[in-house]
file final05.cif (mmCIF, C-alpha atoms, pLDDT in the B column; chains and numbers go by the auth columns)
data_coords
#
loop_
_atom_site.group_PDB
_atom_site.id
_atom_site.type_symbol
_atom_site.label_atom_id
_atom_site.label_comp_id
_atom_site.label_asym_id
_atom_site.label_seq_id
_atom_site.Cartn_x
_atom_site.Cartn_y
_atom_site.Cartn_z
_atom_site.B_iso_or_equiv
_atom_site.auth_seq_id
_atom_site.auth_asym_id
ATOM 1 C CA GLY A 1 111.348 75.348 121.042 80.00 1 S
ATOM 2 C CA ALA A 2 111.623 75.351 117.263 91.00 2 S
ATOM 3 C CA ILE A 3 108.108 76.752 116.861 91.00 3 S
ATOM 4 C CA PHE A 4 109.016 79.754 119.023 90.00 4 S
ATOM 5 C CA PHE A 5 112.042 80.615 116.884 94.00 5 S
ATOM 6 C CA MET A 6 110.151 80.003 113.663 95.00 6 S
ATOM 7 C CA ILE A 7 107.249 82.288 114.607 94.00 7 S
ATOM 8 C CA THR A 8 109.370 85.063 116.099 93.00 8 S
ATOM 9 C CA GLY A 9 111.831 84.869 113.188 95.00 9 S
ATOM 10 C CA PHE A 10 109.011 85.020 110.654 96.00 10 S
ATOM 11 C CA HIS A 11 107.538 87.988 112.511 96.00 11 S
ATOM 12 C CA GLY A 12 110.969 89.643 112.608 96.00 12 S
ATOM 13 C CA LEU A 13 111.232 89.221 108.845 97.00 13 S
ATOM 14 C CA HIS A 14 107.914 91.012 108.399 97.00 14 S
ATOM 15 C CA VAL A 15 108.947 93.765 110.810 97.00 15 S
ATOM 16 C CA SER A 16 112.159 94.284 108.822 98.00 16 S
ATOM 17 C CA ALA A 17 110.202 94.424 105.569 97.00 17 S
ATOM 18 C CA GLY A 18 107.796 96.921 107.156 97.00 18 S
ATOM 19 C CA VAL A 19 110.589 99.190 108.350 97.00 19 S
ATOM 20 C CA ILE A 20 112.153 99.164 104.883 98.00 20 S
ATOM 21 C CA LEU A 21 108.795 99.908 103.241 97.00 21 S
ATOM 22 C CA LEU A 22 108.069 102.711 105.706 97.00 22 S
ATOM 23 C CA ALA A 23 111.470 104.274 105.038 98.00 23 S
ATOM 24 C CA ILE A 24 110.977 104.102 101.267 97.00 24 S
ATOM 25 C CA ILE A 25 107.465 105.549 101.453 97.00 25 S
ATOM 26 C CA ALA A 26 108.543 108.315 103.857 97.00 26 S
ATOM 27 C CA ASN A 27 111.341 109.288 101.490 97.00 27 S
ATOM 28 C CA ARG A 28 108.964 109.373 98.525 96.00 28 S
ATOM 29 C CA VAL A 29 106.431 111.456 100.457 96.00 29 S
ATOM 30 C CA LYS A 30 109.224 113.878 101.369 97.00 30 S
ATOM 31 C CA GLN A 31 110.095 114.157 97.673 96.00 31 S
ATOM 32 C CA GLY A 32 106.466 114.910 96.818 95.00 32 S
ATOM 33 C CA ARG A 33 105.955 111.903 94.559 95.00 33 S
ATOM 34 C CA TYR A 34 102.432 111.225 95.779 94.00 34 S
ATOM 35 C CA ASP A 35 101.079 114.761 95.606 94.00 35 S
ATOM 36 C CA GLU A 36 99.441 114.164 92.221 92.00 36 S
ATOM 37 C CA LYS A 37 98.790 110.399 92.450 92.00 37 S
ATOM 38 C CA GLY A 38 97.281 110.357 95.915 94.00 38 S
ATOM 39 C CA PHE A 39 98.426 108.846 99.160 95.00 39 S
ATOM 40 C CA GLN A 40 96.713 105.451 98.950 96.00 40 S
ATOM 41 C CA ILE A 41 100.038 103.561 99.139 95.00 41 S
ATOM 42 C CA VAL A 42 100.858 105.396 102.373 95.00 42 S
ATOM 43 C CA GLU A 43 97.631 104.108 103.899 96.00 43 S
ATOM 44 C CA ILE A 44 98.270 100.579 102.654 97.00 44 S
ATOM 45 C CA VAL A 45 101.770 100.472 104.136 97.00 45 S
ATOM 46 C CA GLY A 46 100.381 101.933 107.366 96.00 46 S
ATOM 47 C CA LEU A 47 97.757 99.187 107.513 97.00 47 S
ATOM 48 C CA TYR A 48 100.443 96.570 106.891 97.00 48 S
ATOM 49 C CA TRP A 49 102.546 97.991 109.722 96.00 49 S
ATOM 50 C CA HIS A 50 99.626 98.011 112.155 97.00 50 S
ATOM 51 C CA PHE A 51 98.728 94.435 111.201 97.00 51 S
ATOM 52 C CA VAL A 52 102.308 93.323 111.927 96.00 52 S
ATOM 53 C CA ASP A 53 102.094 95.195 115.238 94.00 53 S
ATOM 54 C CA LEU A 54 98.793 93.503 116.105 96.00 54 S
ATOM 55 C CA VAL A 55 100.246 90.078 115.351 95.00 55 S
ATOM 56 C CA TRP A 56 103.012 90.792 117.877 94.00 56 S
ATOM 57 C CA VAL A 57 100.375 91.270 120.593 94.00 57 S
ATOM 58 C CA PHE A 58 99.107 87.738 119.964 94.00 58 S
ATOM 59 C CA ILE A 59 102.605 86.257 119.696 93.00 59 S
ATOM 60 C CA PHE A 60 103.588 87.914 122.960 91.00 60 S
ATOM 61 C CA ALA A 61 100.437 86.752 124.719 93.00 61 S
ATOM 62 C CA PHE A 62 100.787 83.201 123.445 91.00 62 S
ATOM 63 C CA PHE A 63 104.466 82.640 124.201 87.00 63 S
ATOM 64 C CA TYR A 64 105.229 84.926 127.113 85.00 64 S
ATOM 65 C CA LEU A 65 102.008 85.021 129.096 86.00 65 S
ATOM 66 C CA TRP A 66 100.913 81.413 128.684 78.00 66 S
#
call {"tool": "encode", "arguments": {"input": "final05.cif", "output": "structure tokens"}}
result
Amino acid sequence: GAIFFMITGFHGLHVSAGVILLAIIANRVKQGRYDEKGFQIVEIVGLYWHFVDLVWVFIFAFFYLW
């Protein structure tokens, strides 16, 4: 039981961090901060978010479908 709560809690922490990062980046894009520098950080945060999403697929399959 403890492993379930540890893994889902750790994943929840990363989801929370991702939501905060996405909000910060979206605000900065809206302000036009990346127009001159480029949008590489937007792609990096997007990749991070999709990785966290992909991990959820495996967590779900392991704990809920097994």
call {"tool": "atom_distance", "arguments": {"input": "final05.cif", "atom1": "CA of His14 (chain S)", "atom2": "CA of Leu65 (chain S)"}}
result
22.3 Å
call {"tool": "atom_distance", "arguments": {"input": "final05.cif", "atom1": "CA of Val55 (chain S)", "atom2": "CA of Phe4 (chain S)"}}
result
14.0 Å
call {"tool": "residues_around", "arguments": {"input": "final05.cif", "residues": "His50 (chain S)", "least_positions_apart": "5", "cutoff": "12 Å", "atoms": "only C-alpha atoms", "output": "PDB file with C-alpha atoms, in the frame of the given file"}}
result
ATOM      1  CA  HIS S  14     107.914  91.012 108.399  1.00 97.00           C
ATOM      2  CA  VAL S  15     108.947  93.765 110.810  1.00 97.00           C
ATOM      3  CA  GLY S  18     107.796  96.921 107.156  1.00 97.00           C
ATOM      4  CA  VAL S  19     110.589  99.190 108.350  1.00 97.00           C
ATOM      5  CA  LEU S  22     108.069 102.711 105.706  1.00 97.00           C
ATOM      6  CA  GLU S  43      97.631 104.108 103.899  1.00 96.00           C
ATOM      7  CA  ILE S  44      98.270 100.579 102.654  1.00 97.00           C
ATOM      8  CA  VAL S  45     101.770 100.472 104.136  1.00 97.00           C
ATOM      9  CA  VAL S  55     100.246  90.078 115.351  1.00 95.00           C
ATOM     10  CA  TRP S  56     103.012  90.792 117.877  1.00 94.00           C
ATOM     11  CA  VAL S  57     100.375  91.270 120.593  1.00 94.00           C
TER      12      VAL S  57
END
call {"tool": "residues_around", "arguments": {"input": "final05.cif", "residues": "Ala17 (chain S)", "least_positions_apart": "5", "cutoff": "12 Å", "atoms": "only C-alpha atoms", "output": "PyMOL selection string"}}
result
chain S and resi 10-12+22-24+45+48-49+52
call {"tool": "atom_distance", "arguments": {"input": "final05.cif", "atom1": "CA of Ile25 (chain S)", "atom2": "CA of Leu54 (chain S)"}}
result
20.9 Å
call {"tool": "build_atoms", "arguments": {"input": "final05.cif", "residues": "region 29-41 of chain S", "atoms": "N, CA, C and O atoms", "output": "mmCIF file, in the coordinates of the input"}}
result
data_model
loop_
_atom_site.group_PDB
_atom_site.id
_atom_site.type_symbol
_atom_site.label_atom_id
_atom_site.label_comp_id
_atom_site.auth_asym_id
_atom_site.auth_seq_id
_atom_site.Cartn_x
_atom_site.Cartn_y
_atom_site.Cartn_z
ATOM 1 N N VAL S 29 107.350 110.393 100.041
ATOM 2 C CA VAL S 29 106.431 111.456 100.457
ATOM 3 C C VAL S 29 107.198 112.762 100.601
ATOM 4 O O VAL S 29 106.731 113.829 100.186
ATOM 5 N N LYS S 30 108.386 112.689 101.192
ATOM 6 C CA LYS S 30 109.224 113.878 101.369
ATOM 7 C C LYS S 30 109.578 114.505 100.022
ATOM 8 O O LYS S 30 109.663 115.735 99.898
ATOM 9 N N GLN S 31 109.775 113.664 99.008
ATOM 10 C CA GLN S 31 110.095 114.157 97.673
ATOM 11 C C GLN S 31 108.873 114.699 96.937
ATOM 12 O O GLN S 31 109.006 115.329 95.894
ATOM 13 N N GLY S 32 107.688 114.423 97.451
ATOM 14 C CA GLY S 32 106.466 114.910 96.818
ATOM 15 C C GLY S 32 105.964 114.037 95.694
ATOM 16 O O GLY S 32 105.193 114.500 94.855
ATOM 17 N N ARG S 33 106.354 112.783 95.659
ATOM 18 C CA ARG S 33 105.955 111.903 94.559
ATOM 19 C C ARG S 33 104.471 111.569 94.559
ATOM 20 O O ARG S 33 103.919 111.210 93.524
ATOM 21 N N TYR S 34 103.828 111.637 95.703
ATOM 22 C CA TYR S 34 102.432 111.225 95.779
ATOM 23 C C TYR S 34 101.463 112.391 95.783
ATOM 24 O O TYR S 34 100.260 112.197 95.961
ATOM 25 N N ASP S 35 101.955 113.597 95.582
ATOM 26 C CA ASP S 35 101.079 114.761 95.606
ATOM 27 C C ASP S 35 100.022 114.696 94.508
ATOM 28 O O ASP S 35 98.874 115.044 94.733
ATOM 29 N N GLU S 36 100.386 114.232 93.337
ATOM 30 C CA GLU S 36 99.441 114.164 92.221
ATOM 31 C C GLU S 36 98.694 112.832 92.185
ATOM 32 O O GLU S 36 97.525 112.787 91.837
ATOM 33 N N LYS S 37 99.390 111.738 92.532
ATOM 34 C CA LYS S 37 98.790 110.399 92.450
ATOM 35 C C LYS S 37 97.825 110.103 93.592
ATOM 36 O O LYS S 37 96.926 109.299 93.443
ATOM 37 N N GLY S 38 98.065 110.672 94.726
ATOM 38 C CA GLY S 38 97.281 110.357 95.915
ATOM 39 C C GLY S 38 98.133 109.552 96.892
ATOM 40 O O GLY S 38 99.191 109.030 96.541
ATOM 41 N N PHE S 39 97.648 109.448 98.079
ATOM 42 C CA PHE S 39 98.426 108.846 99.160
ATOM 43 C C PHE S 39 97.910 107.456 99.557
ATOM 44 O O PHE S 39 98.090 107.027 100.690
ATOM 45 N N GLN S 40 97.277 106.761 98.629
ATOM 46 C CA GLN S 40 96.713 105.451 98.950
ATOM 47 C C GLN S 40 97.798 104.464 99.388
ATOM 48 O O GLN S 40 97.587 103.690 100.320
ATOM 49 N N ILE S 41 98.960 104.479 98.777
ATOM 50 C CA ILE S 41 100.038 103.561 99.139
ATOM 51 C C ILE S 41 100.522 103.820 100.567
ATOM 52 O O ILE S 41 100.908 102.895 101.279
#
